[in-house]
file input-v2.cif (mmCIF, C-alpha atoms)
data_protein
loop_
_atom_site.label_atom_id
_atom_site.label_comp_id
_atom_site.auth_asym_id
_atom_site.auth_seq_id
_atom_site.Cartn_x
_atom_site.Cartn_y
_atom_site.Cartn_z
CA MET A 1 -32.21 -7.78 -3.78
CA LYS A 2 -33.25 -6.69 -0.29
CA ASN A 3 -29.61 -6.91 0.80
CA SER A 4 -28.30 -4.83 -2.09
CA LYS A 5 -30.90 -2.13 -1.38
CA LYS A 6 -29.85 -2.09 2.27
CA LYS A 7 -26.19 -1.88 1.25
CA ALA A 8 -26.93 1.01 -1.15
CA LYS A 9 -28.77 2.87 1.62
CA GLU A 10 -25.84 2.35 3.98
CA LEU A 11 -23.39 3.70 1.42
CA VAL A 12 -25.51 6.78 0.76
CA ARG A 13 -25.57 7.34 4.54
CA ILE A 14 -21.75 7.13 4.63
CA PHE A 15 -21.49 9.83 1.97
CA GLU A 16 -23.99 12.00 3.86
CA ILE A 17 -21.86 11.63 6.99
CA ALA A 18 -18.76 12.55 4.98
CA VAL A 19 -20.46 15.81 3.96
CA ALA A 20 -21.37 16.44 7.61
CA MET A 21 -17.74 15.80 8.62
CA ARG A 22 -16.55 18.44 6.14
CA ALA A 23 -19.18 20.83 7.49
CA ALA A 24 -17.69 20.16 10.95
CA ARG A 25 -14.35 21.38 9.53
CA LEU A 26 -12.58 18.02 9.53
CA SER A 27 -9.82 18.03 6.92
CA PRO A 28 -10.63 16.77 3.39
CA GLU A 29 -7.75 14.27 3.65
CA PHE A 30 -9.19 12.79 6.85
CA VAL A 31 -12.74 12.59 5.44
CA VAL A 32 -11.66 10.94 2.17
CA LYS A 33 -9.51 8.38 3.98
CA SER A 34 -12.33 7.61 6.42
CA VAL A 35 -14.74 6.97 3.54
CA ARG A 36 -12.22 4.74 1.76
CA LEU A 37 -11.78 2.69 4.93
CA ALA A 38 -15.55 2.52 5.42
CA LEU A 39 -15.98 1.13 1.91
CA ASP A 40 -13.63 -1.76 2.78
CA TYR A 41 -14.51 -2.43 6.43
CA ASP A 42 -17.89 -2.91 8.11
CA GLY A 43 -16.29 -1.78 11.38
CA ALA A 44 -15.10 1.51 9.88
CA ARG A 45 -18.59 2.04 8.46
CA GLU A 46 -19.93 1.51 11.97
CA LEU A 47 -17.45 4.10 13.32
CA MET A 48 -18.69 6.69 10.82
CA LEU A 49 -22.30 5.96 11.81
CA LEU A 50 -21.30 6.34 15.47
CA TRP A 51 -19.70 9.72 14.69
CA ALA A 52 -23.08 10.89 13.41
CA GLN A 53 -24.90 9.49 16.47
CA ALA A 54 -22.40 10.58 19.13
CA PRO A 55 -24.27 11.75 22.24
CA SER A 56 -21.63 14.35 23.15
CA ALA A 57 -18.82 16.41 21.59
CA GLN A 58 -16.31 14.30 23.55
CA ASP A 59 -17.74 11.06 22.09
CA CYS A 60 -17.57 12.61 18.63
CA GLU A 61 -13.89 13.48 19.15
CA ASP A 62 -13.16 9.97 20.43
CA VAL A 63 -14.60 8.48 17.22
CA GLU A 64 -12.49 10.90 15.13
CA ALA A 65 -9.39 9.70 16.99
CA ASP A 66 -10.45 6.06 16.43
CA LEU A 67 -10.86 6.65 12.71
CA GLN A 68 -7.46 8.35 12.48
CA ASP A 69 -5.87 5.40 14.35
CA GLU A 70 -7.41 2.96 11.88
CA ILE A 71 -6.36 5.06 8.87
CA ASP A 72 -2.77 5.17 10.17
CA ALA A 73 -2.75 1.46 11.05
CA HIS A 74 -3.86 0.44 7.57
CA HIS A 75 -1.52 2.92 5.89
CA SER A 76 1.43 1.57 7.89
CA ARG A 77 0.63 -2.03 7.04
CA SER A 78 0.26 -1.39 3.32
CA ASN A 79 3.51 0.56 3.11
CA LEU A 80 5.93 -1.39 5.24
CA GLN A 81 7.55 -4.76 4.80
CA ARG A 82 6.27 -7.38 7.17
CA GLY A 83 8.32 -9.59 9.41
CA LYS A 84 10.72 -6.91 10.60
CA ARG A 85 8.76 -5.62 13.58
CA LYS A 86 9.99 -6.03 17.12
CA VAL A 87 8.09 -8.42 19.33
CA VAL A 88 7.47 -6.91 22.76
CA ARG A 89 8.31 -9.14 25.74
CA PHE A 90 5.76 -8.83 28.50
CA ASP A 91 8.50 -8.17 31.11
CA ASP A 92 9.78 -5.19 29.08
CA VAL A 93 6.46 -3.39 28.78
CA GLU A 94 7.03 -0.94 31.66
CA LEU A 95 10.51 0.05 30.49
CA ILE A 96 9.31 0.58 26.94
CA ALA A 97 6.37 2.66 28.20
CA LYS A 98 8.79 4.96 30.09
CA ASP A 99 10.95 5.30 26.99
CA ILE A 100 7.93 6.24 24.85
CA GLU A 101 6.65 8.63 27.53
CA GLY A 102 9.99 10.47 27.55
CA PHE A 103 10.06 10.68 23.75
CA LYS A 104 6.51 12.06 23.58
CA ARG A 105 7.26 14.59 26.35
CA HIS A 106 10.24 15.86 24.37
CA LEU A 107 8.18 16.06 21.18
CA ARG A 108 5.35 17.86 23.00
CA ARG A 109 7.79 20.59 24.10
CA ILE A 110 8.70 21.22 20.45
CA VAL A 111 5.01 21.24 19.49
CA ASP A 112 4.21 23.77 22.22
CA GLN A 113 7.06 26.02 21.04
CA GLN A 114 5.45 26.03 17.60
CA GLY A 115 1.87 26.96 18.51
CA GLY A 116 0.58 23.89 20.33
CA ILE A 117 -1.73 21.03 19.42
CA SER A 118 -4.30 23.17 17.52
CA ALA A 119 -1.64 24.55 15.19
CA LEU A 120 -0.22 21.04 14.68
CA ALA A 121 -3.71 19.67 13.86
CA HIS A 122 -4.13 22.42 11.27
CA LYS A 123 -0.72 21.75 9.69
CA THR A 124 -0.97 17.93 9.61
CA GLY A 125 -4.69 17.50 8.87
CA ILE A 126 -4.84 15.07 11.81
CA PRO A 127 -7.91 15.74 13.99
CA GLN A 128 -7.03 17.46 17.28
CA PRO A 129 -8.52 14.64 19.45
CA SER A 130 -6.28 12.16 17.71
CA LEU A 131 -3.20 14.27 18.47
CA SER A 132 -4.29 14.72 22.10
CA ARG A 133 -4.64 10.94 22.42
CA PHE A 134 -1.21 10.54 20.82
CA PHE A 135 0.51 12.83 23.35
CA ASN A 136 -1.46 11.72 26.41
CA SER A 137 -0.97 7.99 25.99
CA VAL A 138 2.07 5.74 26.14
CA SER A 139 0.97 3.74 23.12
CA VAL A 140 3.66 2.96 20.55
CA PRO A 141 3.57 5.76 17.95
CA ARG A 142 2.98 4.92 14.31
CA ARG A 143 5.68 5.78 11.81
CA VAL A 144 3.19 7.49 9.47
CA THR A 145 2.01 9.78 12.30
CA LEU A 146 5.59 10.67 13.25
CA TYR A 147 6.46 11.56 9.65
CA LYS A 148 3.42 13.85 9.40
CA ILE A 149 4.42 15.56 12.66
CA ALA A 150 8.06 15.84 11.51
CA ARG A 151 7.01 17.57 8.27
CA ALA A 152 4.72 19.96 10.17
CA LEU A 153 7.43 20.87 12.69
CA GLY A 154 10.24 21.13 10.13
CA LEU A 155 12.17 18.21 11.68
CA ARG A 156 14.18 15.65 9.75
CA ASP A 157 12.74 12.11 9.75
CA ASP A 158 15.75 10.80 11.69
CA GLU A 159 15.13 13.42 14.40
CA ILE A 160 11.69 12.06 15.12
CA ILE A 161 11.98 8.28 14.84
CA THR A 162 12.15 6.61 18.25
CA ASN A 163 13.32 3.08 19.13
CA TRP A 164 9.71 2.09 19.50
CA VAL A 165 7.63 2.74 16.44
CA ALA A 166 4.82 0.72 14.86
CA MET B 1 -15.35 -10.75 25.65
CA LYS B 2 -13.47 -11.32 28.92
CA TRP B 3 -13.55 -8.84 31.75
CA HIS B 4 -11.80 -8.24 35.06
CA ASN B 5 -12.88 -6.01 37.89
CA MET B 6 -10.02 -3.87 39.19
CA GLY B 7 -9.48 -1.23 41.89
CA SER B 8 -11.90 -2.84 44.39
CA GLY B 9 -14.43 -3.36 41.63
CA LYS B 10 -14.50 0.30 40.58
CA PHE B 11 -13.10 -0.37 37.11
CA GLN B 12 -13.99 -3.05 34.65
CA LEU B 13 -11.21 -3.93 32.22
CA ARG B 14 -12.67 -5.51 29.09
CA LEU B 15 -10.54 -7.64 26.82
CA ALA B 16 -11.77 -8.09 23.27
CA ILE B 17 -10.69 -11.53 22.04
CA ALA B 18 -11.34 -12.95 18.59
CA VAL B 19 -11.30 -16.74 18.22
CA ILE B 20 -10.44 -17.55 14.61
CA LYS B 21 -9.43 -20.95 13.26
CA ASN B 22 -8.63 -22.42 16.71
CA SER B 23 -6.47 -19.45 17.74
CA ALA B 24 -7.45 -16.78 20.24
CA PHE B 25 -6.30 -13.24 19.41
CA LEU B 26 -6.31 -10.57 22.10
CA CYS B 27 -7.12 -7.59 19.89
CA GLN B 28 -7.66 -4.77 22.36
CA GLY B 29 -8.36 -3.87 25.95
CA TYR B 30 -10.36 -0.97 27.37
CA VAL B 31 -12.05 0.25 30.51
CA LYS B 32 -15.83 0.03 30.37
CA GLN B 33 -17.30 3.52 30.67
CA SER B 34 -20.52 3.68 28.70
CA GLU B 35 -22.59 1.91 26.08
CA PHE B 36 -21.18 4.27 23.46
CA VAL B 37 -17.60 3.24 24.29
CA ASP B 38 -18.66 -0.42 23.98
CA ARG B 39 -20.08 0.26 20.51
CA ARG B 40 -16.88 2.04 19.44
CA GLU B 41 -14.72 -0.82 20.68
CA MET B 42 -16.94 -3.42 18.98
CA ALA B 43 -16.66 -1.52 15.68
CA LYS B 44 -12.86 -1.57 16.02
CA LEU B 45 -12.95 -5.28 16.90
CA ARG B 46 -14.88 -5.94 13.67
CA ILE B 47 -12.04 -4.27 11.75
CA ARG B 48 -9.47 -6.43 13.59
CA ILE B 49 -11.45 -9.62 12.85
CA GLN B 50 -11.71 -8.75 9.15
CA ASP B 51 -7.95 -8.11 9.03
CA ILE B 52 -7.13 -11.38 10.81
CA GLU B 53 -9.43 -13.35 8.50
CA GLN B 54 -7.58 -11.84 5.54
CA GLY B 55 -4.22 -12.77 7.12
CA ASP B 56 -3.41 -9.09 7.51
CA PHE B 57 -2.04 -8.93 11.04
CA GLU B 58 1.17 -9.02 13.06
CA LEU B 59 1.80 -10.94 16.25
CA ARG B 60 3.24 -8.50 18.82
CA GLY B 61 3.55 -11.05 21.61
CA SER B 62 2.23 -14.40 22.68
CA LEU B 63 1.39 -16.20 25.90
#
call {"tool": "encode", "arguments": {"input": "input-v2.cif", "output": "structure tokens"}}
result
Amino acid sequence: MKNSKKKAKELVRIFEIAVAMRAARLSPEFVVKSVRLALDYDGARELMLLWAQAPSAQDCEDVEADLQDEIDAHHSRSNLQRGKRKVVRFDDVELIAKDIEGFKRHLRRIVDQQGGISALAHKTGIPQPSLSRFFNSVSVPRRVTLYKIARALGLRDDEIITNWVA
Amino acid sequence: MKWHNMGSGKFQLRLAIAVIKNSAFLCQGYVKQSEFVDRREMAKLRIRIQDIEQGDFELRGSL
């Protein structure tokens, strides 16, 4: 009984945070997907609570990027067949990183020609911090993120898929 | 949690490892910066652990 009351309180808090996220102008798509993830995962619930407690704007943006990463990761896994992913050999990591870096640099040029990161965030509904993390890191891009960017930039899917995609 | 000091001890690389059913999974790595970053990374690790327990994961390399 005590546990179910605690759980109910936690859920109400999640919905309150969702309202606050909308008030902070995060896209409805992002907020709904964050709540759905939080209903399934304790860790995602914790991320939403951290968003509300973030000590600085930068911390808040980092949590938004974390949530978007988790949303994309779970979307990718539920929509793609398993067992067909490439396994990365440790010795190849540096070469792959350079390849990804070059791809992202090329993509960034196209983004900048079309209004920059802010405009892309508006068109895709992906929070700006998440896009900044995407372009400033050499992490393997997720297919779902690339498709969203392709649609926003008016590129064909085959123009945006790199050799290294999660 | 395993950690390594790097750059003459100026950076602490933290490796979040989940031990589940006799297997150790390296789920993520990050540089320690603040307590808030630790809490974020622990929240993400909880998601990873839940996924692994449900069999919902991919091996991207092994040692």
call {"tool": "closest_residue", "arguments": {"input": "input-v2.cif", "among": "B:Gln12, B:Ile52, B:Lys2, B:Ser62", "to": "Ser34 in chain B", "atoms": "only C-alpha atoms"}}
result
B:Gln12
call {"tool": "resolve_selection", "arguments": {"input": "input-v2.cif", "expression": "the PyMOL selection byres ((chain B and resi 18-26) around 10)", "output": "list in words"}}
result
Met1, Lys2, Leu15, Ala16, Ile17, Cys27, Gln28, Gly29, Leu45, Arg46, Arg48, Ile49, Ile52, Glu53, Leu59, Gly61 and Ser62 of chain B
call {"tool": "interface_residues", "arguments": {"input": "input-v2.cif", "of": "chain B", "to": "chain A", "cutoff": "12 Å", "atoms": "all atoms listed in the file", "output": "PyMOL selection string"}}
result
chain B and resi 33-51+54-63
call {"tool": "residues_near_point", "arguments": {"input": "input-v2.cif", "point": "(5.9, 15.7, 25.7)", "cutoff": "12 Å", "atoms": "all atoms listed in the file", "output": "NGL selection string"}}
result
:A and (98-113 or 116-117 or 131-132 or 134-138)
call {"tool": "axis_aligned_box", "arguments": {"input": "input-v2.cif", "around": "range 61-75 of chain A", "padding_each_side": "4 Å", "output": "AutoDock Vina command-line options"}}
result
--center_x -8.1 --center_y 7.0 --center_z 13.2 --size_x 21.1 --size_y 21.0 --size_z 22.5
call {"tool": "resolve_selection", "arguments": {"input": "input-v2.cif", "expression": "the PyMOL selection byres ((chain A and resi 123) around 10)", "output": "PyMOL selection string"}}
result
chain A and resi 117-122+124-126+148-149+151-153
call {"tool": "residues_around", "arguments": {"input": "input-v2.cif", "residues": "Pro127 in chain A", "least_positions_apart": "6", "cutoff": "7 Å", "atoms": "only C-alpha atoms", "output": "list in words"}}
result
Leu26, Glu64, Ala65 and Ala121 of chain A
call {"tool": "atom_distance", "arguments": {"input": "input-v2.cif", "atom1": "CA of Met21 in chain A", "atom2": "CA of Leu49 in chain A"}}
result
11.3 Å
call {"tool": "atom_distance", "arguments": {"input": "input-v2.cif", "atom1": "CA of Ser130 in chain A", "atom2": "CA of Asp72 in chain A"}}
result
10.9 Å
call {"tool": "atom_distance", "arguments": {"input": "input-v2.cif", "atom1": "CA of Ala18 in chain A", "atom2": "CA of Val31 in chain A"}}
result
6.0 Å
call {"tool": "closest_residue", "arguments": {"input": "input-v2.cif", "among": "A:Ile71, A:Ala52, A:Ile160, A:Ser139", "to": "Glu94 in chain A", "atoms": "all atoms listed in the file"}}
result
A:Ser139
